[in-house]
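Quick look at start34.csv (CSV, C-alpha atoms):
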```csv
chain,number,residue,atom,x,y,z
A,249,MET,CA,0.6,-14.3,-4.3
A,250,ALA,CA,-0.8,-16.3,-7.3
A,251,GLY,CA,-4.1,-18.0,-6.6
A,252,SER,CA,-4.8,-21.6,-7.6
A,253,ASP,CA,-7.3,-20.5,-10.2
A,254,GLY,CA,-4.7,-18.2,-11.9
A,255,SER,CA,-6.1,-15.0,-10.3
A,256,GLU,CA,-4.1,-12.8,-8.0
A,257,THR,CA,-5.1,-13.1,-4.4
A,258,THR,CA,-5.0,-9.9,-2.3
A,259,SER,CA,-5.7,-11.0,1.2
A,260,SER,CA,-2.3,-9.8,2.5
A,261,GLN,CA,-3.0,-6.3,1.1
A,262,ALA,CA,-5.5,-5.8,4.0
A,263,LEU,CA,-2.6,-6.1,6.4
A,264,PRO,CA,-0.5,-3.1,7.6
A,265,PRO,CA,2.6,-2.3,5.4
A,266,PRO,CA,5.4,-4.7,6.2
A,267,SER,CA,7.9,-1.9,6.9
A,268,GLY,CA,7.9,1.9,7.4
A,269,ASP,CA,6.9,4.2,10.3
A,270,GLY,CA,3.4,2.8,10.4
A,271,ALA,CA,4.2,-0.9,10.9
A,272,SER,CA,5.3,-2.6,14.1
A,273,ALA,CA,7.6,-5.6,14.2
A,274,ALA,CA,4.5,-7.8,15.0
A,275,GLU,CA,2.7,-6.4,12.0
A,276,ARG,CA,5.6,-7.0,9.7
A,277,ARG,CA,5.9,-10.6,11.1
A,278,LEU,CA,2.2,-11.2,10.5
A,279,ALA,CA,2.3,-9.8,6.9
A,280,ALA,CA,5.3,-12.0,6.1
A,281,ALA,CA,3.6,-15.1,7.6
A,282,VAL,CA,0.4,-14.6,5.6
A,283,HIS,CA,2.4,-14.3,2.4
A,284,GLU,CA,4.4,-17.4,3.2
A,285,ALA,CA,1.4,-19.4,4.2
A,286,GLY,CA,-0.4,-18.4,1.0
A,287,ASN,CA,2.5,-19.7,-1.1
A,288,ALA,CA,2.5,-23.0,0.9
A,289,LEU,CA,-1.2,-23.3,0.3
A,290,THR,CA,-0.7,-22.8,-3.5
A,291,ALA,CA,1.5,-25.9,-3.3
A,292,VAL,CA,-1.2,-27.7,-1.3
A,293,LEU,CA,-3.8,-27.0,-3.9
A,294,GLY,CA,-1.5,-28.1,-6.7
A,295,TRP,CA,-0.9,-31.5,-5.0
A,296,ILE,CA,-4.6,-32.0,-4.3
A,297,GLU,CA,-5.3,-31.4,-8.0
A,298,ARG,CA,-2.6,-33.9,-8.9
A,299,ALA,CA,-4.1,-36.4,-6.5
A,300,GLU,CA,-7.5,-36.0,-8.2
A,301,GLU,CA,-5.9,-36.5,-11.6
A,302,ALA,CA,-4.1,-39.7,-10.4
A,303,SER,CA,-7.3,-41.1,-8.9
A,304,HIS,CA,-9.1,-40.7,-12.2
A,305,GLY,CA,-6.2,-42.6,-13.8
A,306,GLY,CA,-6.4,-45.5,-11.4
A,307,ALA,CA,-3.0,-44.8,-9.8
A,308,PRO,CA,-3.4,-45.2,-6.0
A,309,ALA,CA,0.3,-44.9,-5.2
A,310,ALA,CA,0.5,-41.6,-7.0
A,311,VAL,CA,-2.7,-40.4,-5.1
A,312,ALA,CA,-1.1,-41.3,-1.8
A,313,GLN,CA,2.2,-39.5,-2.7
A,314,ALA,CA,0.4,-36.4,-3.8
A,315,LEU,CA,-1.8,-36.3,-0.7
A,316,ASP,CA,1.3,-36.8,1.5
A,317,ARG,CA,3.0,-33.8,-0.2
A,318,ALA,CA,-0.2,-31.7,0.2
A,319,ALA,CA,-0.3,-32.5,3.9
A,320,SER,CA,3.4,-31.7,4.4
A,321,HIS,CA,2.8,-28.2,2.9
A,322,ALA,CA,-0.4,-27.7,4.9
A,323,ARG,CA,1.6,-28.4,8.0
A,324,ALA,CA,4.3,-25.9,6.9
A,325,ALA,CA,1.5,-23.2,6.4
A,326,ARG,CA,0.3,-24.0,9.9
A,327,ASP,CA,3.8,-23.7,11.4
A,328,VAL,CA,4.5,-20.3,9.8
A,329,MET,CA,1.2,-18.9,11.1
A,330,ARG,CA,2.0,-20.2,14.6
A,331,TRP,CA,5.3,-18.4,14.3
A,332,ALA,CA,3.5,-15.2,13.4
A,333,ILE,CA,1.8,-15.3,16.8
A,334,GLY,CA,4.9,-16.0,18.8
A,335,ALA,CA,5.6,-19.7,18.6
A,336,GLU,CA,9.2,-20.9,18.1
A,337,PRO,CA,10.1,-21.6,14.5
A,338,PRO,CA,10.6,-25.3,13.6
A,339,GLU,CA,14.1,-26.7,13.9
A,340,GLN,CA,15.9,-26.2,10.6
A,341,GLN,CA,17.9,-29.0,9.0
A,342,SER,CA,20.1,-29.4,6.0
A,343,ALA,CA,19.2,-31.0,2.7
A,344,PRO,CA,21.0,-31.8,-0.6
A,345,ALA,CA,20.7,-28.8,-2.9
A,346,GLY,CA,19.6,-30.8,-5.9
A,347,ASP,CA,16.9,-32.7,-4.0
A,348,LEU,CA,15.5,-29.5,-2.6
A,349,ALA,CA,15.5,-27.8,-6.0
A,350,ARG,CA,13.7,-30.6,-7.7
A,351,ARG,CA,11.1,-30.9,-5.0
A,352,THR,CA,10.5,-27.1,-5.1
A,353,ILE,CA,9.9,-27.3,-8.9
A,354,GLU,CA,7.5,-30.2,-8.4
A,355,ASP,CA,5.6,-28.2,-5.8
A,356,ILE,CA,4.8,-25.3,-8.2
A,357,GLU,CA,4.4,-27.3,-11.4
A,358,THR,CA,0.6,-27.3,-11.3
A,359,GLU,CA,0.5,-23.5,-10.9
A,360,ALA,CA,3.0,-23.2,-13.8
A,361,ARG,CA,0.9,-25.6,-16.0
A,362,ARG,CA,-2.3,-23.6,-15.2
A,363,ARG,CA,-0.6,-20.5,-16.6
A,364,GLY,CA,1.0,-22.2,-19.6
A,365,VAL,CA,4.5,-21.8,-18.3
A,366,ALA,CA,7.2,-24.5,-18.4
A,367,VAL,CA,9.5,-24.9,-15.4
A,368,SER,CA,12.7,-26.9,-15.1
A,369,THR,CA,15.9,-27.3,-13.1
A,370,GLU,CA,19.5,-27.0,-14.2
A,371,LEU,CA,21.9,-28.7,-11.8
A,372,GLU,CA,25.6,-28.2,-11.7
A,373,THR,CA,25.8,-29.4,-8.1
A,374,ASP,CA,23.6,-32.0,-6.5
A,375,GLY,CA,25.2,-33.3,-3.2
A,376,ALA,CA,26.0,-30.0,-1.5
A,377,LEU,CA,24.2,-30.0,1.8
A,378,VAL,CA,22.5,-26.6,2.2
A,379,GLU,CA,21.5,-25.3,5.6
A,380,HIS,CA,18.0,-24.2,6.7
A,381,ALA,CA,16.1,-26.2,4.1
A,382,GLY,CA,12.7,-25.1,5.1
A,383,ALA,CA,13.5,-21.4,4.8
A,384,LEU,CA,15.3,-22.0,1.5
A,385,TRP,CA,12.2,-23.7,0.2
A,386,ARG,CA,10.1,-20.8,1.1
A,387,ILE,CA,12.3,-18.2,-0.5
A,388,LEU,CA,12.7,-20.3,-3.7
A,389,THR,CA,8.9,-20.9,-3.9
A,390,ASN,CA,8.3,-17.2,-3.6
A,391,LEU,CA,10.8,-16.4,-6.4
A,392,LEU,CA,9.4,-19.1,-8.7
A,393,LEU,CA,5.8,-18.1,-8.2
A,394,ASN,CA,6.7,-14.5,-8.9
A,395,ALA,CA,8.5,-15.7,-12.1
A,396,ILE,CA,5.5,-17.8,-13.2
A,397,ALA,CA,3.1,-14.9,-12.6
A,398,VAL,CA,5.0,-12.5,-14.8
A,399,SER,CA,5.9,-15.0,-17.6
A,400,PRO,CA,3.9,-15.0,-20.8
A,401,PRO,CA,2.0,-18.2,-21.9
A,402,GLY,CA,4.5,-20.5,-23.5
A,403,GLY,CA,7.4,-18.9,-21.5
A,404,ARG,CA,9.9,-20.8,-19.4
A,405,VAL,CA,11.1,-20.4,-15.8
A,406,THR,CA,14.4,-22.1,-14.8
A,407,LEU,CA,16.0,-22.8,-11.4
A,408,HIS,CA,19.7,-23.2,-11.8
A,409,VAL,CA,21.8,-24.6,-8.9
A,410,ALA,CA,25.6,-24.3,-8.8
A,411,ARG,CA,28.4,-23.9,-6.3
A,412,GLN,CA,29.3,-20.3,-5.7
A,413,SER,CA,32.2,-21.1,-3.3
A,414,ALA,CA,33.2,-23.7,-0.7
A,415,GLU,CA,30.8,-22.0,1.7
A,416,ARG,CA,27.9,-21.2,-0.5
A,417,ALA,CA,25.6,-22.6,-3.2
A,418,ARG,CA,23.9,-20.4,-5.7
A,419,PHE,CA,20.2,-20.7,-6.8
A,420,THR,CA,19.3,-18.7,-9.8
A,421,VAL,CA,15.7,-18.1,-10.9
A,422,ARG,CA,15.2,-16.8,-14.5
A,423,ASP,CA,12.0,-16.0,-16.3
A,424,GLU,CA,11.0,-14.7,-19.7
A,425,GLY,CA,8.7,-11.9,-18.5
A,426,PRO,CA,9.1,-8.1,-19.0
A,427,GLY,CA,12.0,-7.8,-16.6
A,428,VAL,CA,12.4,-5.3,-13.7
A,429,PRO,CA,11.9,-1.7,-14.7
A,430,ALA,CA,15.0,0.4,-14.3
A,431,LYS,CA,13.3,2.7,-11.7
A,432,LEU,CA,12.7,-0.2,-9.4
A,433,ARG,CA,16.0,-2.0,-9.6
A,434,ALA,CA,17.8,0.0,-7.0
A,435,GLU,CA,15.2,-0.5,-4.3
A,436,ILE,CA,13.3,-3.6,-5.3
A,437,PHE,CA,14.0,-5.3,-1.9
A,438,ALA,CA,13.1,-2.3,0.2
A,439,SER,CA,10.4,-0.3,-1.6
A,440,GLY,CA,7.5,-2.7,-1.2
A,441,ALA,CA,6.8,-2.5,-4.9
A,442,SER,CA,5.5,-5.6,-6.6
A,443,LEU,CA,6.3,-6.9,-10.0
A,444,ARG,CA,2.9,-8.7,-10.2
A,445,SER,CA,-0.5,-7.2,-10.9
A,446,GLY,CA,-2.3,-7.2,-7.6
A,447,GLY,CA,0.8,-8.0,-5.6
A,448,ALA,CA,1.2,-6.7,-2.1
A,449,GLY,CA,5.0,-6.0,-2.3
A,450,ILE,CA,5.7,-8.3,0.7
A,451,GLY,CA,7.4,-11.4,-0.7
A,452,LEU,CA,10.6,-10.0,-2.1
A,453,ARG,CA,11.3,-7.8,0.9
A,454,HIS,CA,10.7,-10.6,3.3
A,455,ALA,CA,12.8,-13.1,1.2
A,456,PHE,CA,15.7,-10.6,1.2
A,457,ALA,CA,15.5,-10.1,4.9
A,458,LEU,CA,15.1,-13.8,5.7
A,459,ALA,CA,18.1,-14.7,3.5
A,460,GLY,CA,20.3,-12.2,5.3
A,461,GLU,CA,19.2,-13.4,8.7
A,462,LEU,CA,20.3,-17.0,7.8
A,463,GLY,CA,23.7,-16.2,6.3
A,464,GLY,CA,22.5,-16.0,2.7
A,465,GLU,CA,22.1,-13.2,0.2
A,466,LEU,CA,19.4,-12.4,-2.4
A,467,ARG,CA,20.5,-10.3,-5.4
A,468,LEU,CA,18.8,-9.0,-8.5
A,469,GLY,CA,21.0,-10.2,-11.4
A,470,GLU,CA,21.5,-9.0,-15.0
A,471,SER,CA,19.6,-10.8,-17.8
A,472,PRO,CA,19.1,-10.0,-21.5
A,473,VAL,CA,15.6,-11.4,-21.3
A,474,GLY,CA,13.2,-11.3,-18.4
A,475,ALA,CA,14.3,-11.1,-14.7
A,476,ARG,CA,17.1,-13.0,-12.9
A,477,PHE,CA,17.4,-13.4,-9.1
A,478,ASP,CA,20.4,-15.0,-7.5
A,479,LEU,CA,20.1,-16.5,-4.1
A,480,LEU,CA,23.4,-17.3,-2.3
A,481,TRP,CA,22.9,-19.9,0.4
A,482,PRO,CA,25.2,-21.3,3.1
A,483,VAL,CA,26.5,-24.9,2.6
A,484,ALA,CA,26.6,-27.1,5.7
A,485,ALA,CA,28.8,-29.8,4.2
A,486,VAL,CA,29.5,-31.5,0.9
A,487,ALA,CA,28.3,-35.0,0.4
A,488,ALA,CA,29.9,-37.2,-2.3
A,489,GLU,CA,29.1,-35.3,-5.4
A,490,ALA,CA,27.3,-37.2,-8.1
A,491,PRO,CA,27.0,-36.2,-11.7
A,492,ALA,CA,24.1,-33.7,-11.9
A,493,ALA,CA,21.0,-35.1,-13.6
A,494,ALA,CA,18.1,-33.2,-15.2
A,495,SER,CA,15.6,-35.9,-14.2
A,496,PRO,CA,14.2,-36.0,-10.7
A,497,ALA,CA,14.8,-39.7,-10.7
A,498,GLY,CA,18.5,-39.3,-11.4
A,499,PRO,CA,20.9,-42.3,-11.8
A,500,ALA,CA,20.2,-45.4,-9.7
A,501,THR,CA,23.3,-44.7,-7.6
A,502,ASN,CA,21.6,-41.5,-6.3
A,503,ARG,CA,18.5,-43.5,-5.2
A,504,PRO,CA,19.8,-46.1,-2.8
A,505,LEU,CA,16.4,-46.6,-1.3
A,506,ALA,CA,14.5,-46.9,-4.6
A,507,GLY,CA,11.3,-48.8,-4.1
A,508,ASP,CA,11.6,-49.0,-0.3
A,509,ARG,CA,8.7,-48.4,2.1
A,510,VAL,CA,9.7,-46.6,5.3
A,511,LEU,CA,7.5,-46.2,8.3
A,512,LEU,CA,8.3,-43.2,10.6
A,513,LEU,CA,7.1,-42.5,14.2
A,514,GLU,CA,7.5,-38.8,14.7
A,515,ASP,CA,5.4,-36.1,16.4
A,516,ASP,CA,7.2,-33.1,15.0
A,517,GLU,CA,5.6,-32.0,11.8
A,518,ALA,CA,8.6,-30.0,10.6
A,519,VAL,CA,10.9,-33.0,11.1
A,520,ILE,CA,8.5,-35.2,9.2
A,521,GLY,CA,8.6,-32.9,6.3
A,522,LEU,CA,12.4,-32.8,6.2
A,523,ILE,CA,12.8,-36.6,6.5
A,524,GLU,CA,10.2,-37.0,3.8
A,525,LEU,CA,12.3,-34.6,1.6
A,526,GLY,CA,15.4,-36.6,2.1
A,527,LEU,CA,14.0,-40.1,1.7
A,528,GLU,CA,11.7,-39.5,-1.3
A,529,ALA,CA,14.5,-37.9,-3.2
A,530,ARG,CA,16.4,-41.2,-2.7
A,531,GLY,CA,13.5,-43.3,-4.0
A,532,ALA,CA,11.7,-44.3,-0.7
A,533,ARG,CA,8.1,-43.9,0.1
A,534,LEU,CA,7.4,-42.6,3.6
A,535,THR,CA,4.5,-43.2,5.8
A,536,ALA,CA,4.4,-41.1,9.0
A,537,VAL,CA,2.5,-41.8,12.2
A,538,ARG,CA,2.4,-39.7,15.4
A,539,THR,CA,1.7,-42.3,18.2
A,540,ALA,CA,3.1,-45.6,19.3
A,541,GLU,CA,-0.4,-47.1,18.8
A,542,ALA,CA,-0.6,-46.0,15.2
A,543,LEU,CA,3.0,-47.4,14.7
A,544,LEU,CA,2.1,-50.8,15.9
A,545,GLU,CA,-1.2,-50.9,14.0
A,546,THR,CA,0.5,-49.9,10.8
A,547,LEU,CA,3.2,-52.6,11.2
A,548,GLU,CA,0.5,-55.3,11.7
A,549,ARG,CA,-0.8,-54.6,8.2
A,550,GLU,CA,2.0,-53.0,6.2
A,551,PRO,CA,5.2,-54.9,5.2
A,552,ASP,CA,7.6,-51.9,5.5
A,553,GLN,CA,11.3,-52.6,4.9
A,554,ALA,CA,12.5,-49.9,7.3
A,555,VAL,CA,11.1,-48.5,10.5
A,556,LEU,CA,12.3,-45.2,12.0
A,557,VAL,CA,11.3,-44.5,15.6
A,558,ASP,CA,11.7,-41.2,17.3
A,559,LEU,CA,11.9,-41.8,21.0
A,560,SER,CA,10.1,-38.6,22.0
A,561,PRO,CA,6.5,-39.8,21.4
A,562,LEU,CA,7.2,-43.0,23.4
A,563,GLY,CA,7.8,-41.5,26.8
A,564,PRO,CA,8.6,-44.3,29.3
A,565,ASP,CA,7.5,-47.1,26.9
A,566,VAL,CA,10.6,-47.2,24.8
A,567,GLU,CA,11.7,-50.7,25.5
A,568,PRO,CA,8.3,-52.5,25.2
A,569,VAL,CA,7.4,-50.6,22.0
A,570,LEU,CA,10.8,-51.4,20.4
A,571,ARG,CA,10.5,-55.0,21.4
A,572,ARG,CA,7.0,-55.2,19.9
A,573,VAL,CA,8.2,-53.6,16.7
A,574,ARG,CA,10.9,-56.3,16.4
A,575,GLU,CA,8.4,-59.1,17.1
A,576,LEU,CA,6.1,-57.8,14.3
A,577,ARG,CA,8.9,-57.2,11.8
A,578,PRO,CA,11.9,-59.2,12.8
A,579,ALA,CA,13.7,-58.6,9.4
A,580,ALA,CA,12.9,-54.9,9.0
A,581,ALA,CA,15.7,-52.3,9.2
A,582,LEU,CA,15.0,-50.6,12.6
A,583,VAL,CA,16.5,-47.3,13.4
A,584,VAL,CA,16.0,-45.3,16.6
A,585,VAL,CA,16.1,-41.5,16.2
A,586,SER,CA,16.9,-39.5,19.4
A,587,GLY,CA,18.6,-36.4,20.7
A,588,ARG,CA,20.0,-38.4,23.6
A,589,ALA,CA,23.7,-39.1,24.0
A,590,ALA,CA,23.3,-42.9,23.9
A,591,LEU,CA,20.8,-45.5,22.8
A,592,PRO,CA,18.5,-46.7,25.6
A,593,PRO,CA,18.0,-50.4,26.3
A,594,GLY,CA,16.3,-52.1,23.4
A,595,PRO,CA,15.4,-55.4,21.8
A,596,GLY,CA,18.9,-56.2,20.5
A,597,GLY,CA,22.1,-55.2,18.8
A,598,ASP,CA,20.6,-55.0,15.4
A,599,VAL,CA,18.8,-51.7,16.1
A,600,GLY,CA,20.4,-48.7,14.5
A,601,TRP,CA,20.7,-45.4,16.3
A,602,LEU,CA,20.7,-41.9,14.8
A,603,ARG,CA,21.3,-38.8,16.9
A,604,LYS,CA,19.6,-35.5,16.2
A,605,PRO,CA,20.4,-33.3,14.4
A,606,PHE,CA,21.4,-35.3,11.3
A,607,ALA,CA,21.9,-34.8,7.6
A,608,PRO,CA,19.8,-36.8,5.0
A,609,ALA,CA,22.9,-38.7,4.0
A,610,GLU,CA,23.4,-39.9,7.6
A,611,LEU,CA,19.8,-41.0,7.7
A,612,VAL,CA,20.1,-43.1,4.5
A,613,GLU,CA,23.3,-44.6,5.8
A,614,ALA,CA,21.7,-45.6,9.1
A,615,ILE,CA,18.9,-47.4,7.2
A,616,LEU,CA,21.3,-49.2,4.9
A,617,ALA,CA,23.5,-50.2,7.9
A,618,ALA,CA,20.5,-51.5,9.8
A,619,ARG,CA,19.4,-53.4,6.7
A,620,ARG,CA,22.9,-55.0,6.5
A,621,ARG,CA,22.7,-56.1,10.1
A,622,THR,CA,19.3,-57.7,9.8
A,623,GLY,CA,19.6,-59.0,6.2
A,624,ALA,CA,16.3,-57.2,5.5
A,625,SER,CA,14.9,-57.9,2.1
A,626,ARG,CA,13.9,-55.2,-0.4
A,627,ALA,CA,11.2,-57.3,-2.0
```
Show the structure stored in the file as structure tokens.
Amino acid sequence: MAGSDGSETTSSQALPPPSGDGASAAERRLAAAVHEAGNALTAVLGWIERAEEASHGGAPAAVAQALDRAASHARAARDVMRWAIGAEPPEQQSAPAGDLARRTIEDIETEARRRGVAVSTELETDGALVEHAGALWRILTNLLLNAIAVSPPGGRVTLHVARQSAERARFTVRDEGPGVPAKLRAEIFASGASLRSGGAGIGLRHAFALAGELGGELRLGESPVGARFDLLWPVAAVAAEAPAAASPAGPATNRPLAGDRVLLLEDDEAVIGLIELGLEARGARLTAVRTAEALLETLEREPDQAVLVDLSPLGPDVEPVLRRVRELRPAAALVVVSGRAALPPGPGGDVGWLRKPFAPAELVEAILAARRRTGASRA
């Protein structure tokens, strides 16, 4: 794993080998979790650095966004370490392929800049909903950090996204490094060898296994320069495809919530991260709180245009809390999120309802529908 200061970290090398006669399943699980958590923390450190830069530039909104992203990846690192000691993995949701690719590039940009490497996306498809978004992010982050680590200063790393078939999307990572030696090509996903100086040989093997478990496939491709890895990933559904855009902002029609402020009550950190992924890609700024008290306190001082309320943290207080939300923000687009089969009694017919699990496009449509019902302003 590449360290935030550009050095190679070797903490995972002290662990037992991730496969072979000397490693148990628990040891392999722990080795993989340490590697994944290290990659997530690289993203955390990058966003903290960007928050510091934004604070010096007098940009409080950029500081808040960077710290939110850092917190999201810190929670992901915590979740993967909890998984290593036996906890259930977070619920996986789908996400638009283009959104996830752009955010992954953003997450490793600071590391790339530190090493003098340019990173970019090339999108042939944008609206394909890919399954298991969290696991896909982890695999792509590993591939991209590998590519950055082996690239020369001034080199370029690209993440290309296209449709492989009706059932799969293809994510291709290319670099301009020395490539994969011929003697390693046949067993690169099984040998435990690393392409990076100081690497522990865990990341590629784990990425290969994880992709296979979730219906994907990681391949070593052919490239005249550097290395190429192709990741085939299952598609959940196809949203209305929009013309692919190189810019994270994209055309205005791809950002229906541009400029909106959304307040979310949710106590599941994994769900917070996935909702954040979908909403920010569509232009909204998300604030997440974990308790009903924090929700109401925030509403008293923040003029959010949309309020998403997961019923789980409310317990028996669903009706009074929803009524108070409507009293504080009568014109806000209010959407209740629940795994229940029907919406419980609430403060009126203008409350939207979204049943778990849901796709990002469904969440956006629920917010827009609630806005239409209440006539909520975007100002």
May I ask for the distance between atom CA of Ala580 of chain A and atom CA of Val566 of chain A, given in Å to one decimal place? 17.7 Å
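Our summary of the geometry notes that atom CA of Ala383 of chain A is positioned 19.7 Å from atom CA of Ala609 of chain A.
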Measuring between all atoms listed in the file, which one of A:Ile296, A:Ala314, A:Leu556, A:Leu570 shows the shortest distance to Glu514 of chain A? A:Leu556
When you draw a straight line from atom CA of Pro578 of chain A to atom CA of Asp316 of chain A, how long is it in Å? 27.2 Å
Residues at most 10 Å from segment 534-544 of chain A, counting all atoms listed in the file, excluding those fewer than 6 positions away in the same chain, as a PyMOL selection string? chain A and resi 312-313+316+508-517+520-521+523-525+527-528+550+552+554-563+565-566+569-570+572-573+576
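Residues in contact range of Ala475 of chain A, defined as at most 6 Å between only C-alpha atoms, with sequence neighbours fewer than 3 positions away removed, read A:Arg422, A:Asp423, A:Gly427.
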So which residues touch Ala414 of chain A within 12 Å, counting all atoms listed in the file, skipping near sequence neighbours fewer than 2 positions away, as an MDAnalysis selection string? chainID A and resid 373 376:378 410:412 416:418 480:486
Spatial neighbours of segment 387-400 of chain A, 9 Å, all atoms listed in the file, chain gap at least 3 places, as a count of residues only: 51
